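Peer 1: Got a file for you: final.cif, mmCIF, C-alpha atoms.
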```cif
data_my_file
loop_
_atom_site.group_PDB
_atom_site.id
_atom_site.type_symbol
_atom_site.label_atom_id
_atom_site.label_comp_id
_atom_site.auth_asym_id
_atom_site.auth_seq_id
_atom_site.Cartn_x
_atom_site.Cartn_y
_atom_site.Cartn_z
ATOM 1 C CA MET A 8 23.007 -1.073 -9.095
ATOM 2 C CA LYS A 9 19.982 -2.953 -7.736
ATOM 3 C CA THR A 10 16.613 -1.220 -8.099
ATOM 4 C CA ALA A 11 13.252 -1.639 -6.359
ATOM 5 C CA PHE A 12 9.856 -0.389 -7.504
ATOM 6 C CA LEU A 13 7.623 0.767 -4.641
ATOM 7 C CA PHE A 14 3.828 1.005 -4.876
ATOM 8 C CA PRO A 15 1.798 3.113 -2.391
ATOM 9 C CA GLY A 16 -1.167 2.087 -0.285
ATOM 10 C CA GLN A 17 -4.368 3.648 0.977
ATOM 11 C CA GLY A 18 -4.028 7.196 2.258
ATOM 12 C CA ALA A 19 -1.924 8.358 -0.713
ATOM 13 C CA GLN A 20 -4.989 9.289 -2.783
ATOM 14 C CA THR A 21 -5.578 12.869 -3.971
ATOM 15 C CA ILE A 22 -8.103 14.284 -6.420
ATOM 16 C CA GLY A 23 -6.375 14.865 -9.761
ATOM 17 C CA MET A 24 -3.790 12.105 -9.287
ATOM 18 C CA GLY A 25 -2.464 10.894 -12.613
ATOM 19 C CA LYS A 26 -4.397 13.420 -14.714
ATOM 20 C CA ASP A 27 -1.419 15.219 -16.258
ATOM 21 C CA ILE A 28 0.223 11.889 -17.103
ATOM 22 C CA TYR A 29 -3.017 10.554 -18.602
ATOM 23 C CA GLU A 30 -3.322 13.625 -20.823
ATOM 24 C CA LYS A 31 0.231 13.236 -22.182
ATOM 25 C CA TYR A 32 0.751 9.468 -22.532
ATOM 26 C CA GLU A 33 -1.266 6.952 -24.547
ATOM 27 C CA ASP A 34 0.359 4.187 -22.479
ATOM 28 C CA ALA A 35 -1.355 5.646 -19.399
ATOM 29 C CA LYS A 36 -4.718 6.062 -21.153
ATOM 30 C CA GLU A 37 -4.576 2.391 -22.115
ATOM 31 C CA ILE A 38 -4.521 1.369 -18.428
ATOM 32 C CA TYR A 39 -7.453 3.593 -17.405
ATOM 33 C CA GLU A 40 -9.519 2.255 -20.295
ATOM 34 C CA LYS A 41 -8.723 -1.367 -19.413
ATOM 35 C CA VAL A 42 -9.646 -0.809 -15.765
ATOM 36 C CA GLU A 43 -12.934 0.824 -16.763
ATOM 37 C CA GLN A 44 -13.761 -2.152 -19.003
ATOM 38 C CA ILE A 45 -12.965 -4.677 -16.265
ATOM 39 C CA THR A 46 -14.672 -2.904 -13.347
ATOM 40 C CA GLY A 47 -17.423 -0.812 -14.905
ATOM 41 C CA ILE A 48 -16.117 2.146 -12.849
ATOM 42 C CA ASN A 49 -15.510 5.532 -14.484
ATOM 43 C CA ILE A 50 -12.028 5.478 -13.037
ATOM 44 C CA LYS A 51 -10.848 8.637 -14.823
ATOM 45 C CA GLU A 52 -13.678 10.687 -13.308
ATOM 46 C CA LEU A 53 -13.026 9.231 -9.853
ATOM 47 C CA CYS A 54 -9.261 9.876 -9.929
ATOM 48 C CA PHE A 55 -9.292 13.242 -11.660
ATOM 49 C CA ASN A 56 -12.432 14.909 -10.275
ATOM 50 C CA GLY A 57 -13.617 12.917 -7.263
ATOM 51 C CA PRO A 58 -15.682 14.042 -5.457
ATOM 52 C CA GLU A 59 -13.444 13.543 -2.425
ATOM 53 C CA GLU A 60 -16.220 11.803 -0.491
ATOM 54 C CA GLU A 61 -16.356 9.102 -3.179
ATOM 55 C CA LEU A 62 -12.597 8.829 -3.643
ATOM 56 C CA MET A 63 -12.140 8.364 0.114
ATOM 57 C CA LYS A 64 -14.396 5.288 0.225
ATOM 58 C CA THR A 65 -12.206 2.204 0.610
ATOM 59 C CA GLU A 66 -13.967 0.396 -2.239
ATOM 60 C CA ASN A 67 -13.008 3.288 -4.556
ATOM 61 C CA THR A 68 -9.678 4.340 -3.065
ATOM 62 C CA GLN A 69 -7.976 1.003 -3.594
ATOM 63 C CA ILE A 70 -8.831 0.628 -7.266
ATOM 64 C CA ALA A 71 -8.052 4.323 -7.918
ATOM 65 C CA ILE A 72 -4.560 4.140 -6.403
ATOM 66 C CA LEU A 73 -3.784 0.832 -8.123
ATOM 67 C CA THR A 74 -4.865 2.228 -11.499
ATOM 68 C CA THR A 75 -2.709 5.334 -11.079
ATOM 69 C CA SER A 76 0.338 3.251 -10.165
ATOM 70 C CA LEU A 77 -0.155 0.794 -13.025
ATOM 71 C CA ALA A 78 -0.603 3.619 -15.551
ATOM 72 C CA ILE A 79 2.781 5.086 -14.584
ATOM 73 C CA LEU A 80 4.339 1.615 -14.452
ATOM 74 C CA ASN A 81 3.147 0.929 -18.010
ATOM 75 C CA ILE A 82 5.018 4.003 -19.244
ATOM 76 C CA LEU A 83 8.218 2.943 -17.472
ATOM 77 C CA GLN A 84 7.959 -0.586 -18.866
ATOM 78 C CA LYS A 85 7.519 0.726 -22.405
ATOM 79 C CA LYS A 86 10.683 2.770 -21.816
ATOM 80 C CA GLU A 87 12.374 -0.487 -20.691
ATOM 81 C CA ILE A 88 12.988 0.838 -17.179
ATOM 82 C CA LYS A 89 13.137 -2.212 -14.910
ATOM 83 C CA ALA A 90 13.589 -3.253 -11.281
ATOM 84 C CA GLU A 91 14.868 -6.451 -9.697
ATOM 85 C CA TYR A 92 12.667 -5.999 -6.612
ATOM 86 C CA ALA A 93 9.069 -4.870 -6.145
ATOM 87 C CA VAL A 94 7.130 -4.084 -2.999
ATOM 88 C CA GLY A 95 3.837 -2.370 -2.226
ATOM 89 C CA LEU A 96 2.243 -1.114 0.961
ATOM 90 C CA SER A 97 -0.962 -3.078 1.606
ATOM 91 C CA LEU A 98 -3.001 -2.720 -1.632
ATOM 92 C CA GLY A 99 0.256 -1.716 -3.369
ATOM 93 C CA GLU A 100 1.388 -5.325 -3.055
ATOM 94 C CA TYR A 101 -1.029 -6.145 -5.878
ATOM 95 C CA ALA A 102 0.790 -3.757 -8.228
ATOM 96 C CA ALA A 103 4.034 -5.481 -7.201
ATOM 97 C CA LEU A 104 2.523 -8.913 -7.871
ATOM 98 C CA ILE A 105 1.317 -7.795 -11.306
ATOM 99 C CA TYR A 106 4.762 -6.396 -12.120
ATOM 100 C CA GLY A 107 6.381 -9.589 -10.810
ATOM 101 C CA GLY A 108 4.211 -11.780 -13.029
ATOM 102 C CA TYR A 109 2.401 -13.576 -10.217
ATOM 103 C CA LEU A 110 -0.939 -12.009 -11.147
ATOM 104 C CA SER A 111 -2.379 -11.116 -14.533
ATOM 105 C CA PHE A 112 -3.454 -7.505 -14.971
ATOM 106 C CA GLU A 113 -7.121 -8.466 -15.221
ATOM 107 C CA ASN A 114 -7.082 -10.710 -12.148
ATOM 108 C CA GLY A 115 -5.223 -8.083 -10.139
ATOM 109 C CA ILE A 116 -7.821 -5.437 -10.974
ATOM 110 C CA LYS A 117 -10.716 -7.772 -10.191
ATOM 111 C CA LEU A 118 -9.186 -8.783 -6.865
ATOM 112 C CA ILE A 119 -8.552 -5.215 -5.729
ATOM 113 C CA GLN A 120 -12.107 -4.234 -6.658
ATOM 114 C CA LYS A 121 -13.408 -7.057 -4.432
ATOM 115 C CA ARG A 122 -10.827 -6.449 -1.706
ATOM 116 C CA GLY A 123 -11.729 -2.767 -1.460
ATOM 117 C CA TYR A 124 -15.425 -3.586 -1.338
ATOM 118 C CA TYR A 125 -15.087 -6.172 1.428
ATOM 119 C CA MET A 126 -12.678 -4.069 3.490
ATOM 120 C CA GLY A 127 -14.967 -1.054 3.206
ATOM 121 C CA ASN A 128 -18.283 -2.769 3.814
ATOM 122 C CA TYR A 129 -17.711 -5.694 6.178
ATOM 123 C CA LEU A 130 -16.705 -4.000 9.398
ATOM 124 C CA PRO A 131 -18.150 -4.217 12.891
ATOM 125 C CA ASN A 132 -20.513 -1.295 13.432
ATOM 126 C CA GLU A 133 -18.134 1.006 15.317
ATOM 127 C CA GLU A 134 -16.154 4.151 14.540
ATOM 128 C CA TYR A 135 -12.520 3.452 13.619
ATOM 129 C CA SER A 136 -9.373 5.510 13.129
ATOM 130 C CA MET A 137 -5.689 5.131 12.331
ATOM 131 C CA ALA A 138 -2.762 7.266 13.454
ATOM 132 C CA ALA A 139 0.938 7.354 12.609
ATOM 133 C CA ILE A 140 3.237 7.478 15.639
ATOM 134 C CA ILE A 141 6.608 9.080 14.881
ATOM 135 C CA GLY A 142 9.738 8.996 16.986
ATOM 136 C CA LEU A 143 8.846 6.173 19.372
ATOM 137 C CA GLU A 144 10.099 2.599 19.167
ATOM 138 C CA SER A 145 7.548 -0.029 18.180
ATOM 139 C CA LYS A 146 7.986 -2.058 21.391
ATOM 140 C CA LYS A 147 6.806 0.899 23.473
ATOM 141 C CA ILE A 148 3.831 1.408 21.137
ATOM 142 C CA GLU A 149 2.928 -2.297 21.443
ATOM 143 C CA GLU A 150 3.155 -2.053 25.230
ATOM 144 C CA ILE A 151 0.799 0.944 25.435
ATOM 145 C CA CYS A 152 -1.695 -0.567 22.987
ATOM 146 C CA ASN A 153 -1.701 -3.835 24.967
ATOM 147 C CA LYS A 154 -2.450 -1.920 28.172
ATOM 148 C CA ILE A 155 -5.431 -0.154 26.559
ATOM 149 C CA ARG A 156 -6.752 -3.400 25.030
ATOM 150 C CA LYS A 157 -6.695 -5.065 28.446
ATOM 151 C CA LYS A 158 -9.211 -2.416 29.510
ATOM 152 C CA GLY A 159 -11.547 -3.550 26.723
ATOM 153 C CA LYS A 160 -10.769 -0.841 24.158
ATOM 154 C CA PHE A 161 -9.415 -2.114 20.849
ATOM 155 C CA VAL A 162 -6.243 -0.551 19.425
ATOM 156 C CA ILE A 163 -3.243 -2.283 17.885
ATOM 157 C CA PRO A 164 -0.112 -1.556 15.808
ATOM 158 C CA ALA A 165 -1.119 -2.208 12.187
ATOM 159 C CA ASN A 166 1.656 -0.785 9.995
ATOM 160 C CA TYR A 167 5.300 -1.020 11.033
ATOM 161 C CA ASN A 168 6.465 1.554 8.491
ATOM 162 C CA CYS A 169 10.079 2.029 9.579
ATOM 163 C CA ASN A 170 12.104 2.036 12.780
ATOM 164 C CA VAL A 171 10.799 5.447 13.838
ATOM 165 C CA GLN A 172 7.216 5.246 12.591
ATOM 166 C CA THR A 173 4.393 2.835 13.376
ATOM 167 C CA ALA A 174 0.710 3.272 12.549
ATOM 168 C CA ILE A 175 -1.912 2.168 15.061
ATOM 169 C CA SER A 176 -5.464 1.168 14.202
ATOM 170 C CA GLY A 177 -8.598 0.619 16.238
ATOM 171 C CA ILE A 178 -11.810 2.026 17.642
ATOM 172 C CA THR A 179 -11.604 5.825 17.524
ATOM 173 C CA GLU A 180 -12.019 6.196 21.300
ATOM 174 C CA ALA A 181 -9.155 3.758 21.906
ATOM 175 C CA VAL A 182 -6.933 5.392 19.285
ATOM 176 C CA ASP A 183 -7.514 8.789 20.928
ATOM 177 C CA ILE A 184 -6.603 7.361 24.348
ATOM 178 C CA ALA A 185 -3.486 5.765 22.835
ATOM 179 C CA ILE A 186 -2.474 9.068 21.235
ATOM 180 C CA GLU A 187 -2.474 10.800 24.625
ATOM 181 C CA GLU A 188 -0.526 7.955 26.255
ATOM 182 C CA LEU A 189 1.993 7.841 23.392
ATOM 183 C CA LYS A 190 2.565 11.601 23.639
ATOM 184 C CA LYS A 191 3.358 11.172 27.335
ATOM 185 C CA ALA A 192 5.716 8.307 26.441
ATOM 186 C CA GLY A 193 7.744 10.623 24.215
ATOM 187 C CA ALA A 194 6.338 10.323 20.689
ATOM 188 C CA ARG A 195 7.813 13.175 18.641
ATOM 189 C CA LYS A 196 4.791 13.559 16.378
ATOM 190 C CA ILE A 197 1.390 11.878 15.874
ATOM 191 C CA VAL A 198 -0.697 12.203 12.709
ATOM 192 C CA LYS A 199 -4.269 10.982 12.202
ATOM 193 C CA LEU A 200 -4.452 9.179 8.844
ATOM 194 C CA LYS A 201 -6.871 9.515 5.927
ATOM 195 C CA THR A 202 -8.274 6.018 6.450
ATOM 196 C CA SER A 203 -11.304 4.981 8.435
ATOM 197 C CA GLY A 204 -11.182 1.201 8.812
ATOM 198 C CA PRO A 205 -9.279 -0.972 11.309
ATOM 199 C CA PHE A 206 -7.113 -2.247 8.482
ATOM 200 C CA HIS A 207 -4.627 -5.059 9.101
ATOM 201 C CA THR A 208 -6.303 -6.087 12.340
ATOM 202 C CA GLU A 209 -8.540 -8.951 13.453
ATOM 203 C CA LYS A 210 -11.575 -6.658 13.064
ATOM 204 C CA LEU A 211 -11.465 -7.409 9.324
ATOM 205 C CA GLN A 212 -11.825 -11.165 9.811
ATOM 206 C CA LYS A 213 -15.128 -11.265 7.908
ATOM 207 C CA ALA A 214 -13.630 -9.311 4.997
ATOM 208 C CA SER A 215 -10.651 -11.682 4.999
ATOM 209 C CA GLU A 216 -12.918 -14.737 4.818
ATOM 210 C CA LEU A 217 -15.024 -13.293 2.003
ATOM 211 C CA PHE A 218 -11.943 -12.241 0.059
ATOM 212 C CA SER A 219 -10.493 -15.729 0.473
ATOM 213 C CA THR A 220 -13.331 -17.102 -1.675
ATOM 214 C CA GLU A 221 -12.398 -14.616 -4.431
ATOM 215 C CA LEU A 222 -8.738 -15.589 -4.224
ATOM 216 C CA LYS A 223 -9.641 -19.249 -4.752
ATOM 217 C CA LYS A 224 -11.143 -18.348 -8.135
ATOM 218 C CA VAL A 225 -7.826 -16.938 -9.379
ATOM 219 C CA SER A 226 -4.949 -18.802 -11.000
ATOM 220 C CA PHE A 227 -1.646 -17.418 -9.800
ATOM 221 C CA GLN A 228 1.444 -17.659 -11.993
ATOM 222 C CA LYS A 229 5.050 -18.585 -11.239
ATOM 223 C CA GLY A 230 6.458 -15.083 -11.583
ATOM 224 C CA ASN A 231 8.962 -13.590 -14.000
ATOM 225 C CA GLY A 232 12.069 -13.423 -11.827
ATOM 226 C CA VAL A 233 11.356 -10.108 -10.092
ATOM 227 C CA LYS A 234 11.636 -10.537 -6.325
ATOM 228 C CA VAL A 235 8.267 -9.443 -4.888
ATOM 229 C CA ILE A 236 8.436 -8.811 -1.151
ATOM 230 C CA LYS A 237 5.568 -9.759 1.157
ATOM 231 C CA ASN A 238 4.087 -7.283 3.629
ATOM 232 C CA ILE A 239 3.462 -9.947 6.245
ATOM 233 C CA ASP A 240 7.135 -10.786 6.875
ATOM 234 C CA GLY A 241 9.334 -8.552 4.695
ATOM 235 C CA MET A 242 10.640 -11.503 2.681
ATOM 236 C CA PRO A 243 10.242 -12.369 -1.033
ATOM 237 C CA TYR A 244 7.561 -14.701 -2.308
ATOM 238 C CA THR A 245 8.892 -18.180 -3.137
ATOM 239 C CA LYS A 246 7.588 -20.995 -5.323
ATOM 240 C CA ASN A 247 6.400 -22.790 -2.176
ATOM 241 C CA ASP A 248 4.229 -19.908 -0.940
ATOM 242 C CA ASP A 249 0.439 -20.245 -0.936
ATOM 243 C CA LEU A 250 -0.512 -16.845 -2.356
ATOM 244 C CA GLN A 251 -4.209 -17.357 -1.671
ATOM 245 C CA GLU A 252 -3.564 -17.923 2.021
ATOM 246 C CA ILE A 253 -1.001 -15.112 2.318
ATOM 247 C CA LEU A 254 -3.182 -12.511 0.582
ATOM 248 C CA SER A 255 -6.201 -13.495 2.656
ATOM 249 C CA LYS A 256 -4.208 -13.133 5.900
ATOM 250 C CA HIS A 257 -2.692 -9.903 4.556
ATOM 251 C CA ILE A 258 -5.944 -8.086 5.391
ATOM 252 C CA ILE A 259 -5.789 -8.985 9.099
ATOM 253 C CA ASN A 260 -2.013 -9.053 9.681
ATOM 254 C CA PRO A 261 0.231 -6.059 10.367
ATOM 255 C CA VAL A 262 2.256 -4.658 7.469
ATOM 256 C CA ARG A 263 5.979 -5.089 8.137
ATOM 257 C CA PHE A 264 7.482 -2.479 5.834
ATOM 258 C CA ASP A 265 10.247 -2.003 8.413
ATOM 259 C CA LYS A 266 11.411 -5.578 7.759
ATOM 260 C CA THR A 267 11.109 -4.990 4.019
ATOM 261 C CA ILE A 268 13.525 -2.042 4.222
ATOM 262 C CA GLU A 269 15.936 -4.115 6.317
ATOM 263 C CA PHE A 270 15.828 -6.983 3.806
ATOM 264 C CA MET A 271 16.369 -4.766 0.760
ATOM 265 C CA LYS A 272 19.266 -3.020 2.458
ATOM 266 C CA GLU A 273 20.854 -6.412 3.205
ATOM 267 C CA GLN A 274 20.373 -7.403 -0.448
ATOM 268 C CA GLY A 275 22.256 -4.334 -1.640
ATOM 269 C CA VAL A 276 19.290 -2.539 -3.208
ATOM 270 C CA THR A 277 20.396 1.081 -3.521
ATOM 271 C CA ARG A 278 17.828 2.705 -5.827
ATOM 272 C CA PHE A 279 14.129 2.982 -4.930
ATOM 273 C CA ILE A 280 11.452 4.326 -7.274
ATOM 274 C CA GLU A 281 8.026 5.037 -5.780
ATOM 275 C CA ILE A 282 5.372 4.744 -8.497
ATOM 276 C CA GLY A 283 1.987 6.332 -7.807
ATOM 277 C CA PRO A 284 0.451 9.045 -5.625
ATOM 278 C CA GLY A 285 2.240 10.371 -2.556
ATOM 279 C CA LYS A 286 5.777 9.796 -1.360
ATOM 280 C CA ALA A 287 5.302 7.944 1.917
ATOM 281 C CA LEU A 288 7.347 4.863 1.073
ATOM 282 C CA THR A 289 10.483 6.714 0.017
ATOM 283 C CA GLY A 290 10.005 8.750 3.195
ATOM 284 C CA PHE A 291 10.123 5.571 5.297
ATOM 285 C CA ILE A 292 13.218 4.352 3.468
ATOM 286 C CA LYS A 293 14.969 7.705 3.902
ATOM 287 C CA LYS A 294 14.610 7.393 7.679
ATOM 288 C CA ASP A 295 16.083 3.863 7.915
ATOM 289 C CA TYR A 296 18.403 3.918 4.905
ATOM 290 C CA PRO A 297 19.533 7.547 4.344
ATOM 291 C CA GLU A 298 22.225 6.654 1.807
ATOM 292 C CA ALA A 299 19.663 5.149 -0.624
ATOM 293 C CA GLU A 300 18.916 6.832 -3.965
ATOM 294 C CA LEU A 301 15.233 7.777 -3.941
ATOM 295 C CA TYR A 302 12.790 8.819 -6.656
ATOM 296 C CA ASN A 303 9.066 9.628 -6.648
ATOM 297 C CA ILE A 304 7.018 9.395 -9.824
ATOM 298 C CA ASN A 305 3.590 10.843 -9.099
ATOM 299 C CA ASN A 306 3.144 13.591 -11.691
ATOM 300 C CA LEU A 307 4.158 14.483 -15.246
ATOM 301 C CA GLU A 308 7.088 16.669 -14.208
ATOM 302 C CA ASN A 309 8.893 14.105 -12.093
ATOM 303 C CA LEU A 310 8.051 11.298 -14.533
ATOM 304 C CA GLU A 311 9.702 13.164 -17.411
ATOM 305 C CA ASN A 312 12.616 14.311 -15.256
ATOM 306 C CA PHE A 313 13.226 10.681 -14.345
ATOM 307 C CA ILE A 314 12.965 9.456 -17.948
ATOM 308 C CA ASN A 315 15.156 12.278 -19.292
ATOM 309 C CA LYS A 316 17.780 11.655 -16.648
ATOM 310 C CA GLY A 317 18.204 8.206 -18.167
ATOM 311 C CA VAL A 318 18.623 6.438 -14.841
#
```
Output the structure of this file as structure tokens.
Peer 2:
Amino acid sequence: MKTAFLFPGQGAQTIGMGKDIYEKYEDAKEIYEKVEQITGINIKELCFNGPEEELMKTENTQIAILTTSLAILNILQKKEIKAEYAVGLSLGEYAALIYGGYLSFENGIKLIQKRGYYMGNYLPNEEYSMAAIIGLESKKIEEICNKIRKKGKFVIPANYNCNVQTAISGITEAVDIAIEELKKAGARKIVKLKTSGPFHTEKLQKASELFSTELKKVSFQKGNGVKVIKNIDGMPYTKNDDLQEILSKHIINPVRFDKTIEFMKEQGVTRFIEIGPGKALTGFIKKDYPEAELYNINNLENLENFINKGV
């Protein structure tokens, strides 16, 4: 049986995430303490108590979600629970790269701290929104967004989550117009997301450029044999890939999780374990790959159920 670890992205955050696991497992505490030493952030306070206004800031959200995922991952690794594939949604790709041996723990934490800061603070001075469009094919969503952009209002597909769900991103006015048009076009459901930036669009060009300078300071490693799948094309990293260039472009390119699901299905991956807050990624997989075996590990109960099951 082939297994993939999945790591969530921004929007999965909740106050209290990871607290029960932290209180029970020294292997989790070790990760929070390391992150605090590296970043100078009281990450336990942020994750466990908020306040929500602080946790929702991109510069805090990204490091908080990554820490929660890595704390749970550390427990699984100590239990010798392994995966042949790893993939993360947006910031979650850094957890996958750490697990896959491409990035050291310390460098991964430092990069996400910088990435979150640049993505949260280097935006054009406009109001932005994101929305998930459910039950409408991506080509129709692209067509409607293109029509609105031609009228001078910026909105674009940013996250291709699965065949029946695509998230759009853009100026709030344009996103609201798109929502009405997409409803008329037959979208089954539309949900505004808990993110505020035009992530994975050209509007983050400045953040991408600034982050590129941080990436150049980092030495990437060859990997440990785990196949880590890229968001930008749904294919695994190879020894010929320029990780600095890919991760810089990652900020301004759409996330192709739909292609990731397709690739893993073709590779015969049948078991998927989502590690960290929320359960969005297993939800996407369930829609496109209903026969897959899915697990979520986001609290003490389902962590211990998973461990005790011995899978």
Peer 1: Report, in Å to a single decimal, how far apart atom CA of Lys89 of chain A and atom CA of Asn170 of chain A are.
Peer 2: 28.0 Å
Peer 1: I'd like the contact shell of segment 224-232 of chain A - 7 Å cut-off, all atoms listed in the file, skipping same-chain residues fewer than 3 positions apart - returned as a compact mmCIF listing (two decimals) with C-alpha atoms, in the frame of the given file.
Peer 2:
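Saved the output as around_26.txt:
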```txt
# COMPACT_ATOMS: atom_id res chain seq x y z
CA GLY A 107 6.38 -9.59 -10.81
CA GLY A 108 4.21 -11.78 -13.03
CA TYR A 109 2.40 -13.58 -10.22
CA LEU A 110 -0.94 -12.01 -11.15
CA ASN A 114 -7.08 -10.71 -12.15
CA THR A 220 -13.33 -17.10 -1.68
CA GLU A 221 -12.40 -14.62 -4.43
CA LYS A 246 7.59 -21.00 -5.32
```
Peer 1: Measure the distance from atom CA of Tyr29 of chain A to atom CA of Phe14 of chain A in Å and round it to one decimal.
Peer 2: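 Value for the atom CA of Tyr29 of chain A-atom CA of Phe14 of chain A distance: 18.1 Å.
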Peer 1: Restricting the calculation to all atoms listed in the file, which member of A:Thr65, A:Asn132, A:Thr245, A:Asn153 is positioned closest to Glu188 of chain A?
Peer 2: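 Comparing A:Thr65, A:Asn132, A:Thr245, A:Asn153 against Glu188 of chain A, the winner is A:Asn153.
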Peer 1: Kindly provide, as JSON, the centre and edge lengths (Å, one decimal) of an axis-aligned box around all atoms of segment 80-84 of chain A given in the file, with 4 Å on each side.
Peer 2:
```
{"center_x": 5.7, "center_y": 1.7, "center_z": -16.8, "size_x": 13.1, "size_y": 12.6, "size_z": 12.8}
```
Peer 1: If I take atom CA of Asn81 of chain A and atom CA of Ile314 of chain A, how far is one from the other in Å, to one decimal?
Peer 2: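 Atom CA of Ile314 of chain A lies at a distance of 13.0 Å from atom CA of Asn81 of chain A.
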Peer 1: List every protein, DNA or RNA residue with an atom no more than 8 Å from (22.7, -0.7, -5.5) in the file's coordinates, counting only C-alpha atoms, and format the result as number ranges by chain.
Peer 2: A: 8-10, 275-278
Peer 1: For Lys196 of chain A, list every protein, DNA or RNA residue within 10 Å, evaluated using all atoms listed in the file, and leave out those in the same chain fewer than 2 positions away; present the list as a VMD selection string.
Peer 2: chain A and resid 139 to 143 172 186 189 to 190 193 to 194 198
Peer 1: Written as a count of residues only, what is the full residue list that the PyMOL selection byres ((chain A and resi 49) around 12) yields on the file shown?
Peer 2: 24
Peer 1: Show me, as a ChimeraX atom specification, the residues that have an atom within 8 Å of segment 259-274 of chain A when counting all atoms listed in the file, minus same-chain residues fewer than 5 positions from it.
Peer 2: /A:96-97,164-170,206-212,215,236-242,292,295-296
Peer 1: A:Lys64, A:Glu133, A:Val162, A:Val171: which is nearest Lys146 of chain A, counting all atoms listed in the file?
Peer 2: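 Closest to Lys146 of chain A, using all atoms listed in the file: A:Val171.
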Peer 1: For Ile82 of chain A, please output as a list in words all residues within 10 Å (counting all atoms listed in the file; exclusion window: fewer than 4 positions along the same chain).
Peer 2: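 Non-adjacent residues within range: Ile28, Tyr32, Glu33, Asp34, Ala35, Ile38, Leu77, Ala78, Lys86, Glu87, Ile88, Leu310 and Ile314 of chain A.
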Peer 1: I need the residue set behind the PyMOL selection byres ((chain A and resi 184) around 10) for this file; please write it as a list of chain:residue names.
Peer 2: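 Taken over the shown coordinates, the PyMOL selection byres ((chain A and resi 184) around 10) returns A:Ile151, A:Cys152, A:Ile155, A:Lys160, A:Val162, A:Thr179, A:Glu180, A:Ala181, A:Val182, A:Asp183, A:Ala185, A:Ile186, A:Glu187, A:Glu188, A:Leu189.
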Peer 1: I need the residue set behind the PyMOL selection byres ((chain A and resi 90-94) around 6) for this file; please write it as a list in words.
Peer 2: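 Given this file, the PyMOL selection byres ((chain A and resi 90-94) around 6) evaluates to Thr10, Ala11, Phe12, Leu13, Lys89, Gly95, Glu100, Ala103, Val233, Lys234, Val235 and Ile236 of chain A.
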Peer 1: For Ile258 of chain A, which residue out of A:Phe161, A:Tyr244, A:Phe218, A:Tyr101 is the nearest one, using all atoms listed in the file?
Peer 2: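 So, comparing all the options, the nearest one is A:Phe218.
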Peer 1: Return the single residue from A:Asn306, A:Ser76, A:Gln84, A:Thr173 that is closest to Lys26 of chain A, with distances computed using all atoms listed in the file.
Peer 2: A:Asn306
Peer 1: Ranking A:Lys157, A:Lys36, A:Pro284, A:Lys294 by minimum distance to Gly23 of chain A and counting only C-alpha atoms, which one comes first?
Peer 2: A:Pro284
Peer 1: Given the choices A:Lys316, A:Met24, A:Glu60, A:Arg122, which gets closest to Ala214 of chain A if the distance is worked out from all atoms listed in the file?
Peer 2: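 Looking at the shortest contact to Ala214 of chain A, the residue is A:Arg122.
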Peer 1: Considering only C-alpha atoms, return as a list of chain:residue names whatever protein or nucleic-acid residues lie within 7 Å of Gly283 of chain A, sequence-local ones (same chain, fewer than 2 positions apart) excluded.
Peer 2: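 Residues meeting the cut-off are A:Phe14, A:Pro15, A:Thr75, A:Ser76, A:Ile79, A:Glu281, A:Gly285, A:Ile304, A:Asn305.
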